[in-house]
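Raw start-v5.csv, CSV, C-alpha atoms and all ligand atoms:
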```csv
chain,number,residue,atom,x,y,z
A,1,MET,CA,134.4,5.2,40.0
A,2,PRO,CA,132.3,7.6,42.2
A,3,ASN,CA,133.6,5.8,45.4
A,4,SER,CA,137.2,6.8,44.8
A,5,PRO,CA,138.1,10.4,45.9
A,6,LEU,CA,140.7,10.5,43.1
A,7,PHE,CA,137.8,10.7,40.7
A,8,SER,CA,135.9,13.2,42.7
A,9,LEU,CA,135.1,16.5,41.0
A,10,ASP,CA,133.4,18.0,44.1
A,11,ASP,CA,133.2,21.8,43.8
A,12,ARG,CA,135.1,21.9,40.5
A,13,VAL,CA,133.7,24.2,37.8
A,14,ALA,CA,133.4,22.3,34.5
A,15,LEU,CA,132.2,23.7,31.2
A,16,VAL,CA,131.1,21.6,28.3
A,17,THR,CA,130.9,23.0,24.8
A,18,GLY,CA,128.3,21.4,22.5
A,19,GLY,CA,126.7,20.0,25.7
A,20,ALA,CA,123.2,20.2,24.4
A,21,ARG,CA,123.2,16.6,23.2
A,22,GLY,CA,125.3,13.6,22.2
A,23,ILE,CA,128.8,13.1,23.7
A,24,GLY,CA,128.7,16.6,25.3
A,25,PHE,CA,125.4,15.9,27.1
A,26,ALA,CA,126.5,12.5,28.4
A,27,SER,CA,129.8,14.1,29.6
A,28,ALA,CA,128.0,17.0,31.3
A,29,GLN,CA,125.9,14.5,33.1
A,30,ALA,CA,128.9,12.4,34.2
A,31,LEU,CA,130.8,15.4,35.4
A,32,LYS,CA,127.7,16.5,37.4
A,33,GLU,CA,127.4,13.0,38.9
A,34,HIS,CA,131.0,13.2,40.0
A,35,GLY,CA,130.3,16.5,41.9
A,36,ALA,CA,131.2,19.2,39.4
A,37,LYS,CA,129.3,22.5,38.9
A,38,VAL,CA,128.5,22.2,35.2
A,39,VAL,CA,128.1,25.0,32.5
A,40,ILE,CA,126.8,24.0,29.1
A,41,ILE,CA,127.8,26.2,26.2
A,42,ASP,CA,126.0,25.6,22.9
A,43,ILE,CA,124.8,27.3,19.8
A,44,ASN,CA,121.5,25.3,20.0
A,45,VAL,CA,119.6,27.5,22.5
A,46,GLU,CA,116.5,25.4,22.8
A,47,LEU,CA,118.2,22.0,23.3
A,48,GLY,CA,121.0,23.6,25.4
A,49,GLN,CA,118.5,25.2,27.8
A,50,GLN,CA,116.6,21.9,28.1
A,51,ALA,CA,119.8,20.0,28.7
A,52,ALA,CA,120.9,22.4,31.4
A,53,GLN,CA,117.5,22.3,33.1
A,54,LYS,CA,117.6,18.5,33.1
A,55,LEU,CA,121.0,18.4,34.8
A,56,GLY,CA,120.7,21.4,37.1
A,57,ALA,CA,123.5,23.1,35.1
A,58,ASP,CA,124.0,26.6,33.8
A,59,PHE,CA,123.6,27.4,30.1
A,60,ILE,CA,125.4,29.9,28.0
A,61,ALA,CA,124.4,30.4,24.3
A,62,ALA,CA,127.4,31.0,22.1
A,63,ASP,CA,128.7,30.5,18.6
A,64,LEU,CA,132.2,29.3,19.5
A,65,THR,CA,133.6,30.2,16.1
A,66,LYS,CA,133.3,33.9,17.3
A,67,SER,CA,136.2,34.5,19.6
A,68,ASP,CA,134.5,37.5,21.3
A,69,GLN,CA,131.6,35.1,22.3
A,70,VAL,CA,134.1,32.6,23.8
A,71,ARG,CA,135.8,35.4,25.7
A,72,GLN,CA,132.4,36.6,27.0
A,73,ALA,CA,131.5,33.0,28.1
A,74,ALA,CA,134.8,32.7,30.0
A,75,GLY,CA,134.1,36.1,31.7
A,76,SER,CA,130.6,35.2,32.7
A,77,ILE,CA,131.6,31.8,34.2
A,78,VAL,CA,134.4,33.5,36.2
A,79,GLU,CA,132.0,36.2,37.3
A,80,LYS,CA,129.5,33.6,38.6
A,81,HIS,CA,131.7,30.8,39.9
A,82,GLY,CA,135.1,32.5,40.3
A,83,ARG,CA,137.1,29.9,38.4
A,84,ILE,CA,137.2,27.3,35.6
A,85,ASP,CA,138.7,23.9,36.6
A,86,VAL,CA,137.7,21.8,33.6
A,87,ALA,CA,137.0,22.8,30.0
A,88,LEU,CA,135.6,20.1,27.7
A,89,ASN,CA,135.9,21.5,24.2
A,90,ASN,CA,133.5,19.1,22.5
A,91,ALA,CA,131.4,21.1,19.9
A,92,GLY,CA,132.0,19.9,16.4
A,93,ILE,CA,130.4,19.1,13.1
A,94,ALA,CA,131.0,16.6,10.2
A,95,VAL,CA,130.5,17.2,6.5
A,96,ASN,CA,130.6,14.3,4.1
A,97,VAL,CA,131.5,15.5,0.6
A,98,PRO,CA,134.0,14.3,-2.1
A,99,SER,CA,137.0,16.5,-1.8
A,100,GLU,CA,136.9,17.5,-5.5
A,101,GLU,CA,133.4,18.9,-4.8
A,102,CYS,CA,134.0,20.4,-1.4
A,103,SER,CA,133.2,24.1,-1.5
A,104,ASP,CA,135.2,26.8,0.2
A,105,GLU,CA,132.2,27.3,2.5
A,106,ASP,CA,132.0,23.7,3.6
A,107,TRP,CA,135.8,23.4,4.1
A,108,LEU,CA,135.9,26.6,6.2
A,109,ARG,CA,132.8,25.8,8.2
A,110,VAL,CA,134.3,22.5,9.4
A,111,ILE,CA,137.8,24.0,10.1
A,112,ASN,CA,136.2,27.0,11.9
A,113,ILE,CA,134.1,24.9,14.3
A,114,ASN,CA,136.3,21.9,14.7
A,115,LEU,CA,139.7,23.5,14.9
A,116,ASN,CA,139.6,27.4,15.1
A,117,ALA,CA,136.9,27.4,17.8
A,118,VAL,CA,138.8,24.8,19.8
A,119,PHE,CA,141.8,27.1,19.7
A,120,PHE,CA,139.7,30.0,20.8
A,121,CYS,CA,138.3,27.9,23.7
A,122,CYS,CA,141.7,26.7,24.8
A,123,ARG,CA,143.1,30.2,24.7
A,124,GLU,CA,140.3,31.9,26.6
A,125,PHE,CA,139.6,29.2,29.2
A,126,GLY,CA,143.3,28.4,29.4
A,127,LYS,CA,144.1,32.0,30.4
A,128,VAL,CA,141.8,31.6,33.4
A,129,MET,CA,143.4,28.3,34.3
A,130,LEU,CA,146.9,29.7,34.0
A,131,GLN,CA,146.0,32.5,36.4
A,132,GLN,CA,144.7,29.9,38.8
A,133,GLY,CA,147.8,27.8,38.3
A,134,ARG,CA,145.5,24.7,37.8
A,135,GLY,CA,143.1,23.3,35.3
A,136,SER,CA,142.3,20.4,32.9
A,137,ILE,CA,141.4,21.0,29.2
A,138,ILE,CA,140.0,18.1,27.3
A,139,ASN,CA,139.6,18.5,23.5
A,140,LEU,CA,137.3,16.2,21.5
A,141,ALA,CA,139.3,15.1,18.6
A,142,SER,CA,138.5,11.8,16.7
A,143,MET,CA,140.1,8.6,15.5
A,144,SER,CA,139.7,10.5,12.2
A,145,GLY,CA,142.6,12.6,13.3
A,146,VAL,CA,144.7,9.4,13.2
A,147,ILE,CA,143.3,7.4,10.4
A,148,SER,CA,141.3,8.3,7.3
A,149,ASN,CA,137.7,6.9,7.5
A,150,THR,CA,136.1,4.7,4.9
A,151,PRO,CA,133.9,4.6,2.9
A,152,GLN,CA,132.6,8.2,3.5
A,153,PRO,CA,134.6,11.2,2.2
A,154,GLN,CA,135.3,13.8,4.9
A,155,SER,CA,138.8,15.3,4.3
A,156,ALA,CA,138.0,18.6,6.1
A,157,TYR,CA,136.8,16.7,9.2
A,158,ASN,CA,139.8,14.4,9.2
A,159,ALA,CA,142.2,17.4,8.8
A,160,SER,CA,140.5,19.4,11.5
A,161,LYS,CA,140.8,16.5,14.0
A,162,ALA,CA,144.4,15.9,13.2
A,163,GLY,CA,144.9,19.6,13.9
A,164,VAL,CA,143.1,19.2,17.3
A,165,ILE,CA,145.5,16.4,18.3
A,166,LEU,CA,148.6,18.4,17.6
A,167,LEU,CA,147.2,21.6,19.0
A,168,THR,CA,146.5,19.7,22.2
A,169,LYS,CA,150.1,18.4,22.4
A,170,SER,CA,151.5,21.9,21.6
A,171,LEU,CA,149.5,23.5,24.4
A,172,ALA,CA,150.3,20.7,26.8
A,173,GLY,CA,154.0,21.4,26.4
A,174,GLU,CA,153.6,25.2,26.8
A,175,TRP,CA,151.4,25.0,29.9
A,176,ALA,CA,152.6,21.9,31.8
A,177,LYS,CA,154.8,23.7,34.2
A,178,ARG,CA,152.1,26.2,35.0
A,179,GLY,CA,149.6,23.6,36.3
A,180,VAL,CA,147.3,23.3,33.2
A,181,ARG,CA,147.0,19.8,31.6
A,182,VAL,CA,145.7,19.5,28.1
A,183,ASN,CA,144.6,16.2,26.6
A,184,SER,CA,142.4,15.0,23.8
A,185,ILE,CA,140.0,12.1,23.4
A,186,SER,CA,139.6,10.4,20.0
A,187,PRO,CA,136.4,8.4,19.8
A,188,GLY,CA,135.6,5.9,17.1
A,189,TYR,CA,132.0,5.7,15.9
A,190,ILE,CA,129.6,6.7,18.6
A,191,GLY,CA,125.8,6.6,18.3
A,192,THR,CA,124.7,10.3,18.2
A,193,GLU,CA,123.0,12.7,15.8
A,194,MET,CA,126.3,13.0,14.0
A,195,THR,CA,126.4,9.3,13.0
A,196,LYS,CA,122.7,9.0,12.1
A,197,LEU,CA,123.3,9.6,8.4
A,198,GLY,CA,126.0,6.9,8.3
A,199,MET,CA,123.9,4.5,10.2
A,200,SER,CA,121.0,5.0,7.8
A,201,GLN,CA,123.2,4.0,4.8
A,202,SER,CA,123.8,0.3,5.0
A,203,ASP,CA,127.0,0.3,2.9
A,204,TRP,CA,128.6,2.8,5.3
A,205,TYR,CA,127.2,1.2,8.5
A,206,GLN,CA,128.3,-2.3,7.5
A,207,ARG,CA,131.8,-1.1,6.8
A,208,TRP,CA,132.0,0.7,10.1
A,209,LEU,CA,131.0,-2.4,12.0
A,210,GLU,CA,133.3,-4.7,10.0
A,211,PHE,CA,136.3,-2.3,10.7
A,212,THR,CA,135.6,-2.1,14.4
A,213,PRO,CA,136.9,-5.2,16.2
A,214,MET,CA,134.2,-4.9,18.9
A,215,GLY,CA,131.6,-5.0,16.1
A,216,ARG,CA,129.5,-2.2,17.4
A,217,LEU,CA,129.2,1.6,17.8
A,218,GLY,CA,130.1,3.1,21.2
A,219,GLU,CA,127.7,4.8,23.5
A,220,PRO,CA,128.2,8.5,24.5
A,221,GLN,CA,128.5,7.3,28.1
A,222,GLU,CA,131.6,5.3,27.1
A,223,VAL,CA,133.3,8.6,26.1
A,224,ALA,CA,132.0,10.4,29.1
A,225,ASN,CA,133.7,8.0,31.4
A,226,VAL,CA,137.1,9.0,29.9
A,227,VAL,CA,136.1,12.7,30.2
A,228,VAL,CA,135.7,12.2,34.0
A,229,PHE,CA,139.1,10.5,34.2
A,230,LEU,CA,140.9,13.3,32.4
A,231,ALA,CA,139.0,15.9,34.4
A,232,SER,CA,139.9,14.4,37.7
A,233,ASP,CA,143.1,14.1,39.7
A,234,ALA,CA,143.2,10.4,38.7
A,235,SER,CA,144.9,11.5,35.5
A,236,SER,CA,147.3,13.9,37.2
A,237,TYR,CA,150.3,12.6,35.2
A,238,PHE,CA,148.5,12.9,31.8
A,239,THR,CA,149.2,15.8,29.6
A,240,GLY,CA,149.5,15.9,25.8
A,241,SER,CA,147.9,12.5,25.5
A,242,ASN,CA,145.4,11.5,22.9
A,243,LEU,CA,143.1,8.7,24.3
A,244,LEU,CA,141.5,6.6,21.6
A,245,VAL,CA,138.1,5.2,22.6
A,246,ASP,CA,137.2,3.3,19.4
A,247,GLY,CA,136.3,-0.3,20.1
A,248,GLY,CA,139.7,-1.2,18.6
A,249,TYR,CA,139.1,0.5,15.2
A,250,THR,CA,142.7,1.8,15.0
A,251,ALA,CA,144.2,-1.5,16.2
A,252,TRP,CA,143.8,-3.1,12.7
B,1,LIG,P1,126.4,16.3,18.1
B,1,LIG,O1,125.4,15.3,18.7
B,1,LIG,O2,126.2,16.7,16.6
B,1,LIG,O3,126.4,17.6,19.0
B,1,LIG,C1,127.3,18.6,18.8
B,1,LIG,C2,126.7,19.9,19.5
B,1,LIG,O4,127.6,21.0,19.2
B,1,LIG,C3,125.3,20.3,19.0
B,1,LIG,O5,124.5,20.7,20.1
B,1,LIG,C4,125.7,21.5,18.1
B,1,LIG,O6,124.6,22.4,17.9
B,1,LIG,C5,126.8,22.1,18.8
B,1,LIG,N1,127.6,23.1,18.0
B,1,LIG,C6,127.8,23.0,16.7
B,1,LIG,N2,128.5,24.1,16.2
B,1,LIG,C7,128.6,24.9,17.3
B,1,LIG,C8,129.2,26.2,17.5
B,1,LIG,N3,129.7,26.9,16.4
B,1,LIG,N4,129.1,26.8,18.7
B,1,LIG,C9,128.6,26.1,19.7
B,1,LIG,N5,128.0,24.9,19.6
B,1,LIG,C10,128.0,24.3,18.4
B,1,LIG,O7,127.9,15.7,18.1
B,1,LIG,P2,128.5,14.4,18.8
B,1,LIG,O8,128.4,13.3,18.0
B,1,LIG,O9,128.1,14.4,20.3
B,1,LIG,O10,130.1,14.8,18.8
B,1,LIG,C11,130.7,15.6,19.8
B,1,LIG,C12,132.2,15.8,19.4
B,1,LIG,O11,132.8,14.5,19.3
B,1,LIG,C13,132.5,16.5,18.1
B,1,LIG,O12,133.6,17.3,18.2
B,1,LIG,C14,132.7,15.3,17.2
B,1,LIG,O13,133.5,15.6,16.1
B,1,LIG,C15,133.4,14.3,18.1
B,1,LIG,N6,133.3,13.0,17.6
B,1,LIG,C16,132.1,12.4,17.5
B,1,LIG,C17,132.1,11.0,17.0
B,1,LIG,C18,130.8,10.3,16.8
B,1,LIG,O14,130.8,9.2,16.2
B,1,LIG,N7,129.6,10.8,17.2
B,1,LIG,C19,133.3,10.3,16.8
B,1,LIG,C20,134.5,11.0,17.0
B,1,LIG,C21,134.5,12.3,17.4
B,1,LIG,P3,123.6,22.2,16.6
B,1,LIG,O15,122.5,21.3,17.1
B,1,LIG,O16,123.1,23.6,16.4
B,1,LIG,O17,124.4,21.7,15.5
```
As structure tokens - that is how I would like this structure written.
Amino acid sequence: MPNSPLFSLDDRVALVTGGARGIGFASAQALKEHGAKVVIIDINVELGQQAAQKLGADFIAADLTKSDQVRQAAGSIVEKHGRIDVALNNAGIAVNVPSEECSDEDWLRVININLNAVFFCCREFGKVMLQQGRGSIINLASMSGVISNTPQPQSAYNASKAGVILLTKSLAGEWAKRGVRVNSISPGYIGTEMTKLGMSQSDWYQRWLEFTPMGRLGEPQEVANVVVFLASDASSYFTGSNLLVDGGYTAW
């Protein structure tokens, strides 16, 4: 991919929320390798700073569930770099609890980070892009926004991700004629901190592998490759799309 100018991100300013580790970190690295100036935004200050240092990226500490912190992050990126070309809204959490036992706090925590914060990010980074008349927003949804996972219970997570997919389509329609593309990526099971609990429980892990035609978890890099595509001009006719990267899980 790096040899094709269509995939070049030279001089583009790309932010990655939740870029301290996992899919966010792999994506930040891939964006950087394709020429972008990268800004990592994360609530995890220690890991976030380490990640940024490793990549030669900027780091902004923020809790994205607080819209004033998202607004400030947008302001400081524009102040330093003058623009935002790519916003990868990736930060998210999972909570596995039977729905009849799910507390208000657990439900709201998941919806706040996975859906409300994604809206705040789209709105604040989107405003900058609309002013520029150009930009690519990529939201990390999940195959859990399309199918309900088994065997682990996670209704708040699934509902939040379904919300991200339709939020993405809504914004894509609103902003398409103003130069801003909005797409989502929906991974299947990817080997990160988030999936560690499931991998340690053999009944969960076995089911995940059985239900995945490729018979394995994905690597963060395999999602990052799709991020580069959606960030670049190679995806110029994509908006409102939800790209499933799931080893075939949703094919069965
Ligand atoms: P991860 O390894 O758990 O990393 C998520 C990062 O987001 C962490 O650094 C976390 O900080 C940060 N974060 C959490 N809440 C935040 C907040 N309020 N403000 C700012 N940063 C916050 O996750 P991942 O597995 O790479 O997943 C990344 C995205 O892909 C998520 O949206 C996830 O739902 C989605 N996804 C993952 C999978 C999978 O199998 N891994 C599958 C489908 C979709 P802390 O360390 O403090 O928590």
Which protein, DNA or RNA residues have an atom within 6 Å of ligand LIG 1 (chain B), counting only C-alpha atoms and all ligand atoms, as a compact mmCIF listing (two decimals) with C-alpha atoms, in the frame of the given file?
```
# COMPACT_ATOMS: atom_id res chain seq x y z
CA GLY A 18 128.30 21.40 22.50
CA ALA A 20 123.20 20.20 24.40
CA ARG A 21 123.20 16.60 23.20
CA GLY A 22 125.30 13.60 22.20
CA ILE A 23 128.80 13.10 23.70
CA GLY A 24 128.70 16.60 25.30
CA ASP A 42 126.00 25.60 22.90
CA ILE A 43 124.80 27.30 19.80
CA ASN A 44 121.50 25.30 20.00
CA ALA A 62 127.40 31.00 22.10
CA ASP A 63 128.70 30.50 18.60
CA LEU A 64 132.20 29.30 19.50
CA THR A 65 133.60 30.20 16.10
CA ASN A 90 133.50 19.10 22.50
CA ALA A 91 131.40 21.10 19.90
CA GLY A 92 132.00 19.90 16.40
CA ILE A 93 130.40 19.10 13.10
CA ILE A 113 134.10 24.90 14.30
CA LEU A 140 137.30 16.20 21.50
CA ALA A 141 139.30 15.10 18.60
CA SER A 142 138.50 11.80 16.70
CA SER A 186 139.60 10.40 20.00
CA PRO A 187 136.40 8.40 19.80
CA GLY A 188 135.60 5.90 17.10
CA TYR A 189 132.00 5.70 15.90
CA ILE A 190 129.60 6.70 18.60
CA GLY A 191 125.80 6.60 18.30
CA THR A 192 124.70 10.30 18.20
CA GLU A 193 123.00 12.70 15.80
CA MET A 194 126.30 13.00 14.00
CA THR A 195 126.40 9.30 13.00
```
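Here atom CA of Ala28 of chain A stands at a distance of 6.3 Å from atom CA of Val16 of chain A.
Each of A:Thr212, A:Ser76, A:Asn89, A:Gln131 was compared to Val118 of chain A using all atoms listed in the file, and A:Asn89 turns out to be the nearest.
Each of A:Asp233, A:Asp10, A:Asp58, A:Asp104 was compared to Ala36 of chain A using only C-alpha atoms, and A:Asp10 turns out to be the nearest.
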Which polymer residues, protein or nucleic acid, are no farther than 12 Å from (143.8, 17.9, 17.8), counting only C-alpha atoms, as a ChimeraX atom specification?
/A:89-90,111,114-119,122,138-146,157-172,182-186,240-243
Please return the centre and edge lengths, in Å to one decimal, of a box with edges along x, y and z that contains all listed atoms of segment 62-73 of chain A, widened by 4 Å on every side, as lines of an AutoDock Vina configuration file.
```
center_x = 131.8
center_y = 33.4
center_z = 22.1
size_x = 16.8
size_y = 16.2
size_z = 20.0
```
Extract, using all atoms listed in the file, all DNA, RNA and protein residues at most 9 Å from Asp106 of chain A, discarding same-chain residues fewer than 3 positions from it, and format them as a compact mmCIF listing (two decimals) with C-alpha atoms, keeping the file's coordinate frame.
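Listing of result.txt after writing:
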```
# COMPACT_ATOMS: atom_id res chain seq x y z
CA VAL A 95 130.50 17.20 6.50
CA VAL A 97 131.50 15.50 0.60
CA CYS A 102 134.00 20.40 -1.40
CA SER A 103 133.20 24.10 -1.50
CA ARG A 109 132.80 25.80 8.20
CA VAL A 110 134.30 22.50 9.40
CA ILE A 111 137.80 24.00 10.10
CA ALA A 156 138.00 18.60 6.10
```
I'd like the neighbourhood of Gly215 of chain A as a list in words, where a residue qualifies if any of its atoms comes within 10 Å (using all atoms listed in the file), though same-chain residues fewer than 6 positions away should be ignored.
Gln206, Trp208, Leu209, Gly247, Gly248 and Tyr249 of chain A
Please, could you write that set of residues out with C-alpha atoms as a short mmCIF file (atom, residue, chain, number, x, y, z; two decimals), in the frame of the given file?
```
data_model
loop_
_atom_site.label_atom_id
_atom_site.label_comp_id
_atom_site.auth_asym_id
_atom_site.auth_seq_id
_atom_site.Cartn_x
_atom_site.Cartn_y
_atom_site.Cartn_z
CA GLN A 206 128.30 -2.30 7.50
CA TRP A 208 132.00 0.70 10.10
CA LEU A 209 131.00 -2.40 12.00
CA GLY A 247 136.30 -0.30 20.10
CA GLY A 248 139.70 -1.20 18.60
CA TYR A 249 139.10 0.50 15.20
#
```
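In terms of minimum interatomic distance to Asp11 of chain A, A:Asp85 ranks closest within A:Asp68, A:Glu79, A:Asp85, A:Glu174, counting only C-alpha atoms.
The space separating atom CA of Leu6 of chain A from atom CA of Ser232 of chain A comes to 6.7 Å.
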Can you tell me how far atom CA of Lys37 of chain A sits from atom CA of Gly126 of chain A, in Å to one decimal?
17.9 Å
Just want the 10 Å neighbourhood of Glu222 of chain A, counted on all atoms listed in the file, with same-chain residues fewer than 2 positions away dropped. Output as a PDB file with C-alpha atoms, in the coordinates of the input.
```
ATOM      1  CA  ILE A  23     128.800  13.100  23.700  1.00  0.00           C
ATOM      2  CA  ALA A  26     126.500  12.500  28.400  1.00  0.00           C
ATOM      3  CA  SER A  27     129.800  14.100  29.600  1.00  0.00           C
ATOM      4  CA  PRO A 187     136.400   8.400  19.800  1.00  0.00           C
ATOM      5  CA  ILE A 190     129.600   6.700  18.600  1.00  0.00           C
ATOM      6  CA  GLY A 218     130.100   3.100  21.200  1.00  0.00           C
ATOM      7  CA  GLU A 219     127.700   4.800  23.500  1.00  0.00           C
ATOM      8  CA  PRO A 220     128.200   8.500  24.500  1.00  0.00           C
ATOM      9  CA  ALA A 224     132.000  10.400  29.100  1.00  0.00           C
ATOM     10  CA  ASN A 225     133.700   8.000  31.400  1.00  0.00           C
ATOM     11  CA  VAL A 226     137.100   9.000  29.900  1.00  0.00           C
ATOM     12  CA  VAL A 227     136.100  12.700  30.200  1.00  0.00           C
ATOM     13  CA  VAL A 245     138.100   5.200  22.600  1.00  0.00           C
ATOM     14  CA  ASP A 246     137.200   3.300  19.400  1.00  0.00           C
TER      15      ASP A 246
END
```
